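Colleague: Structure: input_25.cif, mmCIF, C-alpha atoms and all ligand atoms.
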```
data_my_file
loop_
_atom_site.label_atom_id
_atom_site.label_comp_id
_atom_site.auth_asym_id
_atom_site.auth_seq_id
_atom_site.Cartn_x
_atom_site.Cartn_y
_atom_site.Cartn_z
CA MET A 1 24.39 14.26 -1.00
CA LYS A 2 23.17 12.11 1.88
CA ALA A 3 20.17 12.87 4.03
CA VAL A 4 19.50 11.64 7.55
CA ILE A 5 15.85 11.54 8.59
CA LEU A 6 15.17 11.46 12.31
CA VAL A 7 12.32 9.07 12.91
CA GLY A 8 13.09 7.74 16.37
CA GLY A 9 10.62 9.77 18.43
CA GLU A 10 7.66 8.21 20.21
CA GLY A 11 5.07 10.57 18.81
CA THR A 12 3.64 11.13 22.29
CA ARG A 13 1.50 14.12 21.34
CA LEU A 14 -0.13 12.12 18.57
CA ARG A 15 -1.23 9.27 20.83
CA PRO A 16 -3.21 7.07 20.58
CA MET A 17 -2.53 7.07 16.83
CA THR A 18 1.15 6.29 17.48
CA ILE A 19 0.62 3.31 19.81
CA HIS A 20 1.05 0.81 16.96
CA THR A 21 2.18 3.14 14.20
CA PRO A 22 5.36 5.23 14.35
CA LYS A 23 4.72 8.87 13.53
CA ALA A 24 6.66 8.46 10.28
CA MET A 25 4.13 5.86 9.13
CA VAL A 26 0.84 7.56 9.97
CA PRO A 27 -1.13 7.76 6.73
CA VAL A 28 -1.48 11.17 5.15
CA VAL A 29 -3.95 11.06 2.26
CA ASN A 30 -3.59 7.29 2.53
CA ARG A 31 0.20 7.20 2.13
CA PRO A 32 2.63 6.63 5.01
CA PHE A 33 3.97 10.03 5.98
CA LEU A 34 7.56 9.13 5.16
CA GLU A 35 6.64 8.47 1.52
CA HIS A 36 5.83 12.17 1.18
CA MET A 37 9.21 13.12 2.65
CA ILE A 38 10.99 10.74 0.31
CA GLU A 39 9.16 12.27 -2.68
CA HIS A 40 10.32 15.69 -1.56
CA LEU A 41 13.95 14.58 -1.30
CA LYS A 42 13.80 12.93 -4.72
CA ALA A 43 12.50 16.14 -6.24
CA HIS A 44 15.82 17.66 -5.14
CA GLN A 45 17.90 14.73 -6.40
CA ILE A 46 18.60 13.39 -2.94
CA ARG A 47 18.28 9.62 -3.08
CA ASP A 48 20.74 8.32 -0.50
CA ILE A 49 18.81 8.37 2.75
CA ILE A 50 19.74 7.19 6.23
CA LEU A 51 16.86 6.59 8.63
CA ALA A 52 17.70 7.05 12.33
CA LEU A 53 15.14 4.84 14.04
CA GLY A 54 14.22 4.07 17.62
CA TYR A 55 10.59 3.63 18.54
CA LEU A 56 8.72 0.98 16.46
CA PRO A 57 11.31 0.57 13.69
CA ARG A 58 9.83 -2.55 12.13
CA PRO A 59 6.77 -1.13 10.34
CA ILE A 60 9.10 1.36 8.64
CA GLN A 61 11.64 -1.26 7.55
CA ALA A 62 8.94 -3.67 6.43
CA HIS A 63 7.26 -1.06 4.25
CA PHE A 64 10.29 0.51 2.59
CA ASN A 65 12.84 -2.32 2.54
CA ASP A 66 15.98 -1.16 0.74
CA GLY A 67 14.02 1.74 -0.79
CA LEU A 68 14.44 0.51 -4.36
CA ALA A 69 10.70 0.35 -5.00
CA PHE A 70 10.52 4.01 -3.96
CA GLY A 71 13.44 5.11 -6.13
CA VAL A 72 15.89 5.68 -3.27
CA LYS A 73 18.57 3.87 -1.29
CA LEU A 74 17.70 3.48 2.38
CA THR A 75 20.00 2.62 5.27
CA TYR A 76 18.46 1.87 8.67
CA ILE A 77 20.20 2.51 11.96
CA VAL A 78 18.22 1.61 15.06
CA GLU A 79 19.01 3.12 18.46
CA ASP A 80 18.71 0.84 21.48
CA THR A 81 17.88 3.82 23.65
CA PRO A 82 16.95 7.26 22.29
CA LEU A 83 20.08 9.25 21.54
CA GLY A 84 18.37 12.58 20.93
CA THR A 85 18.34 14.43 17.64
CA ALA A 86 22.11 15.12 17.43
CA GLY A 87 23.12 11.86 19.15
CA ALA A 88 21.14 10.04 16.46
CA VAL A 89 23.23 11.74 13.77
CA GLN A 90 26.49 10.94 15.58
CA ASN A 91 25.27 7.33 15.68
CA VAL A 92 25.08 7.19 11.86
CA ALA A 93 28.40 9.03 11.34
CA SER A 94 30.13 6.01 9.80
CA HIS A 95 27.56 6.12 6.99
CA LEU A 96 28.26 9.77 6.16
CA ASP A 97 31.03 10.30 3.68
CA GLY A 98 32.85 13.39 4.92
CA GLU A 99 30.78 15.76 2.79
CA THR A 100 28.00 18.25 3.43
CA PHE A 101 24.84 16.41 4.48
CA LEU A 102 21.20 17.12 5.22
CA VAL A 103 19.28 16.30 8.41
CA LEU A 104 15.49 16.34 8.50
CA ASN A 105 13.02 15.94 11.32
CA GLY A 106 10.83 13.03 10.29
CA ASP A 107 7.50 14.69 10.99
CA VAL A 108 7.60 17.80 8.83
CA PHE A 109 5.77 18.26 5.52
CA SER A 110 7.02 21.21 3.52
CA ASP A 111 7.79 22.40 0.04
CA LEU A 112 11.09 23.88 1.18
CA ASP A 113 13.44 24.49 -1.75
CA LEU A 114 16.32 22.31 -0.62
CA THR A 115 18.31 23.05 -3.77
CA ALA A 116 18.23 26.81 -3.17
CA MET A 117 18.94 26.28 0.52
CA LEU A 118 22.05 24.25 -0.30
CA ALA A 119 23.26 26.98 -2.65
CA PHE A 120 22.76 29.50 0.21
CA HIS A 121 24.65 27.21 2.61
CA ARG A 122 27.60 27.01 0.19
CA GLU A 123 27.59 30.71 -0.62
CA LYS A 124 27.70 31.59 3.09
CA LYS A 125 30.37 28.95 3.76
CA ALA A 126 28.21 27.99 6.70
CA MET A 127 28.94 25.15 9.09
CA VAL A 128 25.23 24.80 9.73
CA THR A 129 22.27 26.21 7.82
CA ILE A 130 18.91 25.94 9.52
CA ALA A 131 15.72 26.29 7.48
CA LEU A 132 13.37 28.81 9.07
CA THR A 133 9.63 29.17 8.75
CA PRO A 134 7.19 31.67 10.26
CA VAL A 135 4.54 30.30 12.65
CA ASP A 136 1.73 31.76 14.74
CA ASP A 137 2.84 30.23 18.03
CA PRO A 138 6.65 30.03 18.24
CA THR A 139 6.56 28.78 21.87
CA ARG A 140 5.99 25.25 20.57
CA TYR A 141 9.14 25.22 18.43
CA GLY A 142 12.79 26.22 18.33
CA VAL A 143 12.94 29.99 17.96
CA VAL A 144 15.81 31.29 15.82
CA GLU A 145 17.00 34.87 15.97
CA THR A 146 19.02 36.03 13.01
CA GLY A 147 21.10 39.14 12.35
CA SER A 148 22.54 40.63 9.22
CA GLU A 149 22.66 38.35 6.18
CA GLY A 150 20.98 35.55 8.02
CA ARG A 151 23.61 34.77 10.63
CA VAL A 152 21.99 33.04 13.60
CA LEU A 153 22.40 34.96 16.84
CA ARG A 154 20.34 32.87 19.21
CA PHE A 155 18.53 29.52 19.23
CA VAL A 156 16.00 28.92 22.01
CA GLU A 157 13.99 25.72 22.12
CA LYS A 158 10.35 26.18 23.12
CA PRO A 159 10.82 29.52 24.91
CA PRO A 160 8.18 30.99 27.22
CA ARG A 161 6.04 33.58 25.47
CA GLU A 162 7.80 36.55 27.03
CA GLU A 163 11.12 35.42 25.51
CA VAL A 164 9.78 35.17 21.96
CA THR A 165 11.41 37.82 19.82
CA THR A 166 10.57 36.54 16.33
CA ASN A 167 8.02 34.29 14.66
CA LEU A 168 10.74 32.50 12.70
CA ILE A 169 11.35 29.01 13.97
CA ASN A 170 13.54 26.03 13.20
CA ALA A 171 11.77 24.21 10.38
CA GLY A 172 13.56 20.94 11.17
CA ALA A 173 15.89 20.84 8.14
CA TYR A 174 19.63 21.47 8.37
CA PHE A 175 22.54 21.37 5.98
CA LEU A 176 25.59 20.47 8.02
CA GLU A 177 29.32 20.26 7.49
CA PRO A 178 30.95 17.06 8.74
CA GLN A 179 33.12 19.01 11.26
CA ILE A 180 30.05 19.39 13.47
CA LEU A 181 30.35 15.69 14.33
CA SER A 182 33.42 16.43 16.45
CA HIS A 183 31.17 18.50 18.76
CA ILE A 184 28.59 15.76 19.34
CA PRO A 185 29.42 13.31 22.14
CA LYS A 186 29.33 9.63 21.17
CA GLY A 187 26.87 7.08 22.48
CA VAL A 188 24.94 9.46 24.74
CA PHE A 189 21.74 11.47 24.46
CA TYR A 190 22.43 14.84 22.86
CA MET A 191 20.18 17.33 21.10
CA PHE A 192 20.77 19.80 18.29
CA GLU A 193 18.27 22.14 19.84
CA GLN A 194 19.46 22.37 23.45
CA GLY A 195 23.03 21.18 22.85
CA LEU A 196 24.83 21.56 19.55
CA PHE A 197 23.27 24.76 18.20
CA PRO A 198 23.75 26.82 21.37
CA LEU A 199 27.28 25.40 21.66
CA LEU A 200 28.25 26.33 18.09
CA LEU A 201 26.81 29.81 18.58
CA SER A 202 28.85 30.27 21.76
CA LEU A 203 31.94 29.26 19.79
CA GLY A 204 31.16 31.82 17.10
CA ALA A 205 30.79 29.16 14.39
CA PRO A 206 29.12 30.21 11.11
CA VAL A 207 25.52 29.14 11.71
CA TYR A 208 22.99 30.59 9.25
CA GLY A 209 19.21 30.69 8.96
CA TYR A 210 17.48 30.21 5.62
CA PRO A 211 13.97 31.69 5.77
CA SER A 212 11.31 30.12 3.61
CA GLN A 213 7.77 31.32 2.99
CA GLY A 214 6.37 28.11 1.55
CA TYR A 215 4.01 25.55 3.01
CA TRP A 216 5.23 24.04 6.29
CA ILE A 217 3.64 21.88 8.96
CA ASP A 218 4.81 19.56 11.75
CA ILE A 219 2.29 16.72 12.06
CA GLY A 220 3.10 16.12 15.70
CA THR A 221 -0.40 16.78 17.10
CA PRO A 222 -3.85 15.53 16.03
CA GLU A 223 -4.88 19.05 15.02
CA LYS A 224 -1.85 19.47 12.76
CA TYR A 225 -2.22 15.97 11.35
CA LEU A 226 -5.81 16.72 10.36
CA ALA A 227 -4.76 20.11 9.05
CA LEU A 228 -2.17 18.57 6.72
CA ASN A 229 -4.67 16.12 5.25
CA ARG A 230 -7.12 18.99 4.80
CA ASP A 231 -4.55 21.34 3.27
CA ILE A 232 -3.46 18.77 0.71
CA LEU A 233 -7.05 17.99 -0.25
CA GLN A 234 -7.89 21.67 -0.56
CA GLY A 235 -4.83 22.32 -2.71
CA ARG A 236 -3.07 24.60 -0.21
CA THR A 237 0.05 22.57 -0.89
CA PHE A 238 0.81 20.25 -3.74
CA CYS A 239 1.31 16.62 -2.92
CA PRO A 240 2.97 14.70 -5.76
CA ALA A 241 1.88 11.35 -4.31
CA LEU A 242 -1.77 12.35 -4.63
CA GLY A 243 -1.56 14.44 -7.78
CA ARG A 244 -3.96 17.08 -9.01
CA SER A 245 -7.57 17.07 -7.89
CA PRO A 246 -9.97 15.24 -10.18
CA LEU A 247 -12.73 17.47 -11.55
CA ASN A 248 -15.32 16.08 -9.17
CA GLY A 249 -12.96 16.37 -6.20
CA LEU A 250 -13.03 12.63 -5.58
CA TRP A 251 -9.85 10.55 -5.62
CA LEU A 252 -11.30 7.11 -6.02
CA ALA A 253 -9.17 3.98 -5.67
CA GLU A 254 -10.12 0.66 -7.20
CA GLY A 255 -12.80 -1.68 -5.99
CA CYS A 256 -15.06 0.81 -4.19
CA GLU A 257 -18.77 0.10 -3.99
CA ILE A 258 -20.73 3.31 -3.74
CA SER A 259 -24.50 3.11 -3.45
CA PRO A 260 -26.24 5.22 -6.09
CA LEU A 261 -28.05 6.80 -3.16
CA ALA A 262 -24.82 7.78 -1.37
CA ARG A 263 -23.39 11.28 -1.64
CA VAL A 264 -19.77 12.35 -1.77
CA SER A 265 -18.88 16.00 -1.78
CA GLY A 266 -15.18 16.57 -2.35
CA PRO A 267 -12.42 16.93 -1.76
CA VAL A 268 -12.48 13.31 -0.67
CA VAL A 269 -10.01 10.43 -0.97
CA LEU A 270 -11.48 6.94 -0.92
CA GLY A 271 -8.99 4.07 -0.52
CA GLU A 272 -9.31 0.73 -2.24
CA GLY A 273 -12.41 -1.30 -1.63
CA CYS A 274 -14.41 1.22 0.39
CA VAL A 275 -18.14 0.60 0.66
CA LEU A 276 -20.69 3.42 1.00
CA GLY A 277 -24.25 2.41 1.82
CA ALA A 278 -27.49 4.06 0.79
CA GLU A 279 -27.76 7.71 1.81
CA ALA A 280 -24.29 7.66 3.31
CA TYR A 281 -22.77 11.12 3.04
CA VAL A 282 -19.05 11.85 2.94
CA ARG A 283 -18.38 15.55 3.09
CA GLY A 284 -14.84 16.68 2.36
CA PRO A 285 -12.18 17.36 3.11
CA ALA A 286 -12.14 13.74 4.20
CA VAL A 287 -10.01 10.63 3.77
CA LEU A 288 -11.18 7.04 4.05
CA GLY A 289 -8.48 4.39 4.22
CA PRO A 290 -8.71 1.17 2.23
CA GLY A 291 -11.55 -1.16 3.17
CA CYS A 292 -13.68 1.32 5.13
CA ARG A 293 -17.37 0.43 5.25
CA LEU A 294 -20.06 3.02 5.81
CA GLY A 295 -23.59 1.77 6.45
CA GLN A 296 -26.83 3.48 5.52
CA GLN A 297 -27.34 7.12 6.40
CA VAL A 298 -23.86 7.42 7.83
CA MET A 299 -22.32 10.86 7.82
CA VAL A 300 -18.56 11.41 7.73
CA GLU A 301 -17.36 14.97 7.48
CA GLU A 302 -13.89 16.51 7.62
CA ALA A 303 -12.49 13.34 9.16
CA VAL A 304 -9.60 11.00 8.48
CA LEU A 305 -10.42 7.31 8.80
CA TRP A 306 -7.57 4.83 8.71
CA ARG A 307 -8.00 1.49 7.00
CA GLU A 308 -10.87 -0.92 7.61
CA VAL A 309 -13.00 1.32 9.77
CA THR A 310 -16.65 0.25 9.99
CA VAL A 311 -19.28 2.92 10.53
CA LYS A 312 -22.69 1.43 11.04
CA ASP A 313 -26.10 2.77 10.04
CA GLY A 314 -26.94 6.27 11.12
CA ALA A 315 -23.61 6.99 12.84
CA ILE A 316 -21.94 10.39 12.45
CA ILE A 317 -18.24 11.24 12.54
CA ARG A 318 -17.13 14.87 12.43
CA GLY A 319 -13.63 16.38 12.29
CA SER A 320 -11.88 13.43 13.94
CA ILE A 321 -9.24 10.76 13.41
CA VAL A 322 -10.33 7.13 13.61
CA GLY A 323 -7.72 4.36 13.76
CA ARG A 324 -7.44 1.11 11.90
CA GLY A 325 -10.19 -1.45 12.31
CA SER A 326 -12.31 0.67 14.64
CA ILE A 327 -16.05 0.12 14.75
CA ILE A 328 -18.52 2.93 15.20
CA GLU A 329 -21.77 1.27 16.09
CA LYS A 330 -25.23 2.27 14.92
CA GLY A 331 -26.52 5.71 15.66
CA SER A 332 -23.47 6.92 17.56
CA LEU A 333 -21.88 10.34 17.26
CA VAL A 334 -18.17 11.12 17.22
CA GLU A 335 -17.81 14.84 17.75
CA ALA A 336 -15.15 17.02 16.13
CA GLY A 337 -11.67 16.87 17.63
CA SER A 338 -11.90 13.26 18.80
CA VAL A 339 -8.93 10.97 18.35
CA LEU A 340 -9.77 7.28 18.30
CA GLY A 341 -6.90 4.80 18.12
CA ASP A 342 -6.80 1.41 16.42
CA GLY A 343 -9.43 -1.17 17.26
CA VAL A 344 -11.76 1.09 19.22
CA THR A 345 -15.45 0.25 19.45
CA VAL A 346 -17.87 3.08 20.03
CA GLU A 347 -20.99 1.52 21.48
CA ARG A 348 -24.36 1.76 19.83
CA GLY A 349 -26.07 5.10 20.21
CA SER A 350 -23.28 6.67 22.26
CA ARG A 351 -21.66 10.04 21.96
CA VAL A 352 -17.90 10.64 21.90
CA GLU A 353 -17.45 14.16 23.12
CA SER A 354 -15.21 16.60 21.35
CA GLY A 355 -11.55 16.25 22.34
CA THR A 356 -11.87 12.66 23.58
CA ARG A 357 -8.89 10.38 23.02
CA LEU A 358 -9.92 6.74 23.03
CA TRP A 359 -8.12 3.47 22.62
CA PRO A 360 -9.12 -0.04 23.57
CA GLU A 361 -7.42 -0.43 26.96
CA ILE A 362 -7.62 2.94 28.60
CA TRP A 363 -8.75 6.40 27.75
CA THR A 364 -8.33 9.95 28.97
CA GLY A 365 -10.68 12.85 28.65
CA PRO A 366 -14.43 12.61 29.08
CA LYS A 367 -15.92 9.13 29.09
CA VAL A 368 -18.02 7.91 26.22
CA SER A 369 -21.53 8.65 27.31
CA GLN A 370 -24.11 6.02 26.49
CA GLY A 371 -27.06 7.56 24.69
CA GLN A 372 -30.35 6.34 23.29
CA ASP A 373 -30.45 3.81 20.50
N1 LIG B 1 16.46 8.83 15.93
C1 LIG B 1 15.91 9.64 16.83
N2 LIG B 1 16.30 9.56 18.13
N3 LIG B 1 14.98 10.52 16.42
C2 LIG B 1 14.43 11.33 17.35
C3 LIG B 1 14.79 11.29 18.71
C4 LIG B 1 15.79 10.34 19.11
O1 LIG B 1 16.16 10.22 20.28
N4 LIG B 1 14.05 12.22 19.38
C5 LIG B 1 13.28 12.82 18.46
N5 LIG B 1 13.49 12.29 17.24
C6 LIG B 1 12.87 12.67 15.97
C7 LIG B 1 11.35 12.63 16.00
O2 LIG B 1 10.89 11.37 15.55
C8 LIG B 1 10.99 13.75 15.03
O3 LIG B 1 10.93 13.30 13.71
C9 LIG B 1 12.14 14.73 15.16
O4 LIG B 1 13.22 14.02 15.76
C10 LIG B 1 11.80 15.95 16.02
O5 LIG B 1 11.29 15.52 17.25
P1 LIG B 1 9.91 16.08 17.82
O6 LIG B 1 9.66 15.41 19.11
O7 LIG B 1 8.87 16.05 16.78
O8 LIG B 1 10.35 17.57 18.15
P2 LIG B 1 9.45 18.90 18.16
O9 LIG B 1 8.49 18.89 17.04
O10 LIG B 1 8.92 19.10 19.53
O11 LIG B 1 10.57 20.03 17.92
C11 LIG B 1 11.51 19.92 16.88
O12 LIG B 1 10.92 20.21 15.62
C12 LIG B 1 10.45 21.59 15.47
C13 LIG B 1 9.92 21.73 14.06
O13 LIG B 1 8.87 20.86 13.86
C14 LIG B 1 12.70 20.86 17.15
O14 LIG B 1 13.68 20.56 16.20
C15 LIG B 1 12.25 22.31 17.06
O15 LIG B 1 13.38 23.15 17.21
C16 LIG B 1 11.61 22.57 15.71
O16 LIG B 1 11.13 23.91 15.64
MG MG B 2 7.83 17.49 15.69
#
```
Here is a file; write its structure as structure tokens.

Modeller:
Amino acid sequence: MKAVILVGGEGTRLRPMTIHTPKAMVPVVNRPFLEHMIEHLKAHQIRDIILALGYLPRPIQAHFNDGLAFGVKLTYIVEDTPLGTAGAVQNVASHLDGETFLVLNGDVFSDLDLTAMLAFHREKKAMVTIALTPVDDPTRYGVVETGSEGRVLRFVEKPPREEVTTNLINAGAYFLEPQILSHIPKGVFYMFEQGLFPLLLSLGAPVYGYPSQGYWIDIGTPEKYLALNRDILQGRTFCPALGRSPLNGLWLAEGCEISPLARVSGPVVLGEGCVLGAEAYVRGPAVLGPGCRLGQQVMVEEAVLWREVTVKDGAIIRGSIVGRGSIIEKGSLVEAGSVLGDGVTVERGSRVESGTRLWPEIWTGPKVSQGQD
């Protein structure tokens, strides 16, 4: 069984975190997101994986190489211009072997039982089986209406609220029969969501929905990205890459220097070589990437810091994402819901208001207000 993972999107909603890092590589509990997806596939004996790339392919290729070190075989196909979700699959058709295959959106973390879903797909003799998951706000997803025995009646991508008839949405995982390829135009932009699925339904093809009640999240926005890190740390979903929570709730990598006067209240993940100064306080759920340095009396709570972030004495970070190599100067405050990209400097004593998105060149949202030292 081959799987195609769609990782060509620009990750616009996750900016500025995706300026230098493709969405598939954003660290979740200090592992590139795609590692978690690969673990999930391996758990269902799927090891032959084709990555459909577009935006920022190199960090992905450089990290995974041929996949051997991760226990899988990886094939990379890079699109010159985005071909859309279905166009991307047509573009890798020569690497599919004429058998049933799996397609996954490259930004979804779930514990979907792929083995059971495949059995369902075969039992129904479906041409397409779409995994379904319930969500609170279906307007942000592809809404899938099903009839008796799971047959899909209607697929509507991001419908207005008044058109929402069910809370079951497309979970971004499909088992597909190779015949579908004859319905996808070659070399042009084409989507499953607005193109192929509605077309197959209009042709009366056997398209089925496979509802799943397990954990499911799309990490496409800062809120969801933070939520996934939090959910893993709090044990709402099991993450094989991280493993079970240590008794003290602290996953501690090698080489950390923690002042005896610092406090860590889990669940917290500290990457390699983190330094916590006297009276620094890390309150979980929180993740510090490798090489983060917290000065004295720093407070970090419910935040995700990427690698090599420096937080100087007395600074406070709450409920935010801070990109690689950023520097939070003394006595400043980063309020909950802020999203700071790579290499940002927050000036001494200033306040980053909730919801601010900051990156070195330009920023949107409220300006950083300069406060007292
Ligand atoms: N190779 C390639 N080429 N990949 C692409 C392209 C492309 O042109 N466009 C998007 N992708 C990838 C993205 O990188 C992502 O992994 C996946 O396809 C889905 O794109 P998103 O941009 O994240 O879509 P969405 O989240 O708004 O909606 C999709 O996912 C929902 C579930 O999370 C749709 O499939 C919805 O129907 C679905 O409910
Ligand atoms: Mg998405």

Colleague: Would you mind listing the residues within 7 Å of ligand LIG 1 (chain B), counting all atoms listed in the file, as a ChimeraX atom specification?

Modeller: /A:6-11,23,52-54,79,82-85,88,105-108,140-143,157,169-172,193,218,220

Colleague: A:Met25: which residues within 8 Å, counting all atoms listed in the file, same-chain residues fewer than 5 positions away excluded, as a list of chain:residue names?

Modeller: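 Skipping anything fewer than 5 positions along the chain leaves A:Pro32, A:Phe33, A:Leu34, A:Pro59, A:Ile60.
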
Colleague: Mind pulling up the distance from atom CA of A:Leu51 to atom CA of A:Gly67?

Modeller: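 Result for atom CA of A:Gly67 versus atom CA of A:Leu51: 11.0 Å, one decimal.
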
Colleague: Would you list the residues near (22.9, 13.4, 26.4), meaning any protein, DNA or RNA residue with an atom at most 10 Å from that point in file coordinates, counting only C-alpha atoms, as an NGL selection string?

Modeller: :A and (82-87 or 184-191 or 195)

Colleague: Between A:Gly323, A:Gly349, A:Pro134, A:Pro260, which residue has the minimum interatomic distance to A:Leu168, considering only C-alpha atoms?

Modeller: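 With only C-alpha atoms as the atom set, the closest residue is A:Pro134.
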
Colleague: Please, what distance in Å, to one decimal, runs between atom CA of A:Val4 and atom CA of A:Val89?

Modeller: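 Pair atom CA of A:Val4 / atom CA of A:Val89 returns 7.3 Å.
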
Colleague: What is the distance between atom CA of A:Met37 and atom CA of A:Phe70, in Å to one decimal?

Modeller: 11.3 Å

Colleague: For A:Ser350, which residue out of A:Gly295, A:Gly266, A:Gly314, A:Gly147 is the nearest one, using all atoms listed in the file?

Modeller: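 The shortest atom-to-atom distance to A:Ser350 comes from A:Gly314.
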
Colleague: Need to verify the contact set: A:Pro290, 10 Å, only C-alpha atoms, exclusion of same-chain residues closer than 6 positions in sequence. Can you return it as a list of chain:residue names?

Modeller: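 Neighbouring residues, sequence-local ones excluded: A:Asn30, A:Ala253, A:Glu254, A:Gly255, A:Cys256, A:Val269, A:Leu270, A:Gly271, A:Glu272, A:Gly273, A:Cys274, A:Val275, A:Leu305, A:Trp306, A:Arg307, A:Glu308, A:Val309, A:Arg324.
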
Colleague: Under the rule that only C-alpha atoms and all ligand atoms are counted, which of A:Ile219, A:Leu112, A:Leu196, A:Val346 is the nearest residue to ligand MG 2 (chain B)?

Modeller: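 So, comparing all the options, the nearest one is A:Ile219.
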
Colleague: Any idea what's packed within 12 Å of A:Ala119, counting all atoms listed in the file, ignoring anything in its chain fewer than 6 positions away? Could you give it as JSON, numbers by chain?

Modeller: {"A": [100, 113, 125, 126, 129, 175, 210]}

Colleague: Which one is closest to A:Arg357: A:Pro222, A:Gly71, A:Pro246, A:Gly284? Count only C-alpha atoms.

Modeller: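 Answer, going by the shortest atom-to-atom distance: A:Pro222.
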
Colleague: Quick one: residues within 9 Å of A:Gly98, all atoms listed in the file counted, chain neighbours fewer than 4 positions away excluded, as an MDAnalysis selection string?

Modeller: chainID A and resid 93 177:179
